[in-house]
Amino acid sequence: MAESSPCGVCRIHAGAPGAEMEIHRAGLWLLRHHPLPAPLPGWLVLDSLRHVGGPADFDAAECAGLGPMLQRCSALVRDLSGCERVYAIAFGEGARHFHLHLIPRHGADAATESWRVADLYRQVAAGERPAAEPEAVAALVARARERTAGW
Ligand SMILES: [Zn+2]
């Protein structure tokens, strides 16, 4: 789909604002950082390149490919952010196009615990809480591009 697509994820893939956060695109998947304002540095999003709603509608190649890609991307979030664990959440509400949020869970930061991370997300979106520093996000994206260049 093109930049004029009604789908926000397809528009980003076609170069709309948010495309500057792309980290890696290969095969069936596109990995990007959450657009600015980002809730946390290292909050990545793994998209299917194909406009498909979610795993229930995946084709055989997407089914086989998601596991290995999810493992690599989650390990990348952990390595880049220094978090202990990585949450993986896909709602598919903002766009009916598979986009899996990979969220760093820092043990020392209670605001990233379980569903509290949804409160954090809304507070950043509403301007009630500072977003991740754009410079920190840009540096993380640059390191992520280096790390994924060989994928
Ligand atoms: Zn789409």
# chains A, B, ... in the order shown; residues from 1 in each chain; ligands from 1
$ residues_around --residues "segment 94-109 of chain A" --least-positions-apart "4" --cutoff "8 Å" --atoms "only C-alpha atoms" --output "PyMOL selection string"
chain A and resi 7-10+40+42-48+51-55+73-74+77-78+81-90+113
$ select_by_dssp --residues "chain A" --states "alpha helix (DSSP H)" --output "CSV table (one decimal) with C-alpha atoms, in the first residue's frame"
chain,number,residue,atom,x,y,z
A,8,GLY,CA,-1.3,4.2,9.4
A,9,VAL,CA,1.3,1.3,9.4
A,10,CYS,CA,1.2,1.0,5.7
A,11,ARG,CA,1.8,4.8,5.4
A,12,ILE,CA,4.8,4.6,7.7
A,13,HIS,CA,6.2,1.8,5.6
A,60,ALA,CA,2.4,-20.1,6.4
A,61,ALA,CA,5.6,-18.1,5.9
A,62,GLU,CA,4.5,-15.5,8.4
A,63,CYS,CA,3.6,-18.2,10.9
A,64,ALA,CA,7.0,-19.8,10.5
A,65,GLY,CA,8.9,-16.6,10.5
A,66,LEU,CA,7.5,-14.8,13.5
A,67,GLY,CA,9.1,-16.9,16.2
A,68,PRO,CA,12.7,-16.4,15.1
A,69,MET,CA,12.1,-12.8,14.4
A,70,LEU,CA,10.4,-12.2,17.7
A,71,GLN,CA,13.3,-13.8,19.5
A,72,ARG,CA,15.9,-11.6,17.8
A,73,CYS,CA,14.0,-8.4,18.2
A,74,SER,CA,13.2,-9.1,21.9
A,75,ALA,CA,16.9,-9.8,22.6
A,76,LEU,CA,17.8,-6.6,20.7
A,77,VAL,CA,15.4,-4.5,23.0
A,78,ARG,CA,17.0,-6.1,26.0
A,79,ASP,CA,20.5,-5.5,24.9
A,80,LEU,CA,20.0,-1.9,23.7
A,81,SER,CA,17.9,-0.8,26.7
A,116,ARG,CA,1.1,0.3,34.4
A,117,VAL,CA,3.0,0.6,31.2
A,118,ALA,CA,-0.3,1.5,29.6
A,119,ASP,CA,-0.8,4.4,32.0
A,120,LEU,CA,2.7,5.5,31.2
A,121,TYR,CA,1.9,5.3,27.5
A,122,ARG,CA,-1.3,7.4,27.9
A,123,GLN,CA,0.5,10.0,30.2
A,124,VAL,CA,3.2,10.5,27.6
A,125,ALA,CA,0.6,10.8,24.8
A,134,PRO,CA,14.7,12.3,21.2
A,135,GLU,CA,18.6,12.3,21.3
A,136,ALA,CA,18.6,9.1,23.3
A,137,VAL,CA,16.1,7.5,20.9
A,138,ALA,CA,18.1,8.6,17.9
A,139,ALA,CA,21.3,7.1,19.4
A,140,LEU,CA,19.5,3.9,20.2
A,141,VAL,CA,18.1,3.7,16.6
A,142,ALA,CA,21.6,4.2,15.2
A,143,ARG,CA,23.0,1.4,17.4
A,144,ALA,CA,20.0,-0.9,16.5
A,145,ARG,CA,20.7,-0.3,12.8
A,146,GLU,CA,24.3,-1.4,13.2
A,147,ARG,CA,23.3,-4.5,15.2
A,148,THR,CA,20.7,-5.6,12.7
$ atom_distance --atom1 "atom CA of Ala56 of chain A" --atom2 "atom CA of Trp29 of chain A"
16.5 Å
$ residues_around --residues "segment 15-18 of chain A" --least-positions-apart "6" --cutoff "10 Å" --atoms "only C-alpha atoms" --output "list in words"
Ala2, Glu3, Ser4, Gly8, Val9, Arg32, His33, His34, Pro35 and Leu36 of chain A
$ write_last_selection --atoms "N, CA and C atoms" --output "tab-separated table (two decimals), in the first residue's frame"
chain	number	residue	atom	x	y	z
A	2	ALA	N	0.30	2.34	-0.39
A	2	ALA	CA	1.07	3.56	-0.60
A	2	ALA	C	0.93	4.52	0.56
A	3	GLU	N	1.62	5.64	0.42
A	3	GLU	CA	1.60	6.65	1.48
A	3	GLU	C	0.19	7.21	1.69
A	4	SER	N	-0.68	7.05	0.69
A	4	SER	CA	-2.05	7.54	0.82
A	4	SER	C	-2.99	6.49	1.40
A	8	GLY	N	-2.39	3.43	8.89
A	8	GLY	CA	-1.26	4.18	9.40
A	8	GLY	C	0.05	3.43	9.33
A	9	VAL	N	0.02	2.13	9.51
A	9	VAL	CA	1.25	1.34	9.45
A	9	VAL	C	1.75	1.27	8.01
A	32	ARG	N	10.97	-1.14	13.79
A	32	ARG	CA	11.14	0.31	13.93
A	32	ARG	C	11.04	0.69	15.40
A	33	HIS	N	11.54	1.88	15.69
A	33	HIS	CA	11.33	2.42	17.03
A	33	HIS	C	9.97	3.08	17.06
A	34	HIS	N	9.36	3.10	18.23
A	34	HIS	CA	8.11	3.84	18.39
A	34	HIS	C	8.33	5.28	17.95
A	35	PRO	N	7.41	5.85	17.20
A	35	PRO	CA	7.57	7.25	16.77
A	35	PRO	C	7.68	8.20	17.97
A	36	LEU	N	8.23	9.37	17.71
A	36	LEU	CA	8.29	10.41	18.75
A	36	LEU	C	6.92	11.08	18.86
$ closest_residue --among "A:Pro39, A:Gly92, A:Gly127, A:Gly27" --to "ligand 1" --atoms "only C-alpha atoms and all ligand atoms"
A:Gly92
$ select_by_dssp --residues "segment 28-109 of chain A" --states "strand (DSSP E)" --output "NGL selection string"
:A and (29-33 or 44-48 or 85-89 or 99-105)
$ write_last_selection --atoms "N, CA and C atoms" --output "compact mmCIF listing (two decimals), in the first residue's frame"
# COMPACT_ATOMS: atom_id res chain seq x y z
N TRP A 29 9.15 -8.72 7.46
CA TRP A 29 9.02 -7.91 8.67
C TRP A 29 9.72 -6.56 8.56
N LEU A 30 9.24 -5.64 9.34
CA LEU A 30 9.87 -4.33 9.48
C LEU A 30 9.94 -4.00 10.97
N LEU A 31 11.15 -3.68 11.42
CA LEU A 31 11.37 -3.32 12.82
C LEU A 31 11.64 -1.82 12.87
N ARG A 32 10.97 -1.14 13.79
CA ARG A 32 11.14 0.31 13.93
C ARG A 32 11.04 0.69 15.40
N HIS A 33 11.54 1.88 15.69
CA HIS A 33 11.33 2.42 17.03
C HIS A 33 9.97 3.08 17.06
N LEU A 44 10.36 -0.70 20.85
CA LEU A 44 10.37 -1.01 19.42
C LEU A 44 9.02 -1.58 18.99
N VAL A 45 8.80 -1.58 17.69
CA VAL A 45 7.56 -2.10 17.12
C VAL A 45 7.95 -2.99 15.94
N LEU A 46 7.46 -4.22 15.96
CA LEU A 46 7.71 -5.17 14.88
C LEU A 46 6.43 -5.29 14.05
N ASP A 47 6.53 -4.93 12.77
CA ASP A 47 5.38 -4.95 11.87
C ASP A 47 5.50 -6.10 10.87
N SER A 48 4.38 -6.65 10.47
CA SER A 48 4.38 -7.44 9.24
C SER A 48 4.47 -6.45 8.09
N ARG A 85 13.50 -7.65 31.10
CA ARG A 85 12.58 -8.44 30.29
C ARG A 85 11.94 -7.57 29.23
N VAL A 86 11.28 -8.20 28.30
CA VAL A 86 10.66 -7.47 27.18
C VAL A 86 9.21 -7.92 27.06
N TYR A 87 8.31 -6.96 27.15
CA TYR A 87 6.89 -7.26 26.92
C TYR A 87 6.61 -7.26 25.42
N ALA A 88 5.69 -8.09 25.01
CA ALA A 88 5.25 -8.12 23.61
C ALA A 88 3.73 -8.01 23.61
N ILE A 89 3.23 -6.90 23.06
CA ILE A 89 1.80 -6.63 23.07
C ILE A 89 1.35 -6.18 21.69
N HIS A 99 1.19 -4.97 14.29
CA HIS A 99 2.33 -4.22 14.80
C HIS A 99 2.47 -4.58 16.27
N LEU A 100 3.55 -5.26 16.56
CA LEU A 100 3.79 -5.82 17.88
C LEU A 100 4.69 -4.89 18.68
N HIS A 101 4.16 -4.35 19.77
CA HIS A 101 4.95 -3.48 20.63
C HIS A 101 5.91 -4.34 21.46
N LEU A 102 7.18 -4.01 21.41
CA LEU A 102 8.22 -4.68 22.21
C LEU A 102 8.72 -3.66 23.22
N ILE A 103 8.35 -3.88 24.47
CA ILE A 103 8.46 -2.84 25.49
C ILE A 103 9.49 -3.25 26.54
N PRO A 104 10.51 -2.39 26.77
CA PRO A 104 11.49 -2.75 27.79
C PRO A 104 10.89 -2.66 29.20
N ARG A 105 11.06 -3.71 29.95
CA ARG A 105 10.59 -3.74 31.34
C ARG A 105 11.80 -3.64 32.25
$ atom_distance --atom1 "atom CA of His24 of chain A" --atom2 "atom CA of Ala149 of chain A"
7.4 Å
$ atom_distance --atom1 "atom CA of Ala110 of chain A" --atom2 "atom CA of Phe91 of chain A"
22.4 Å
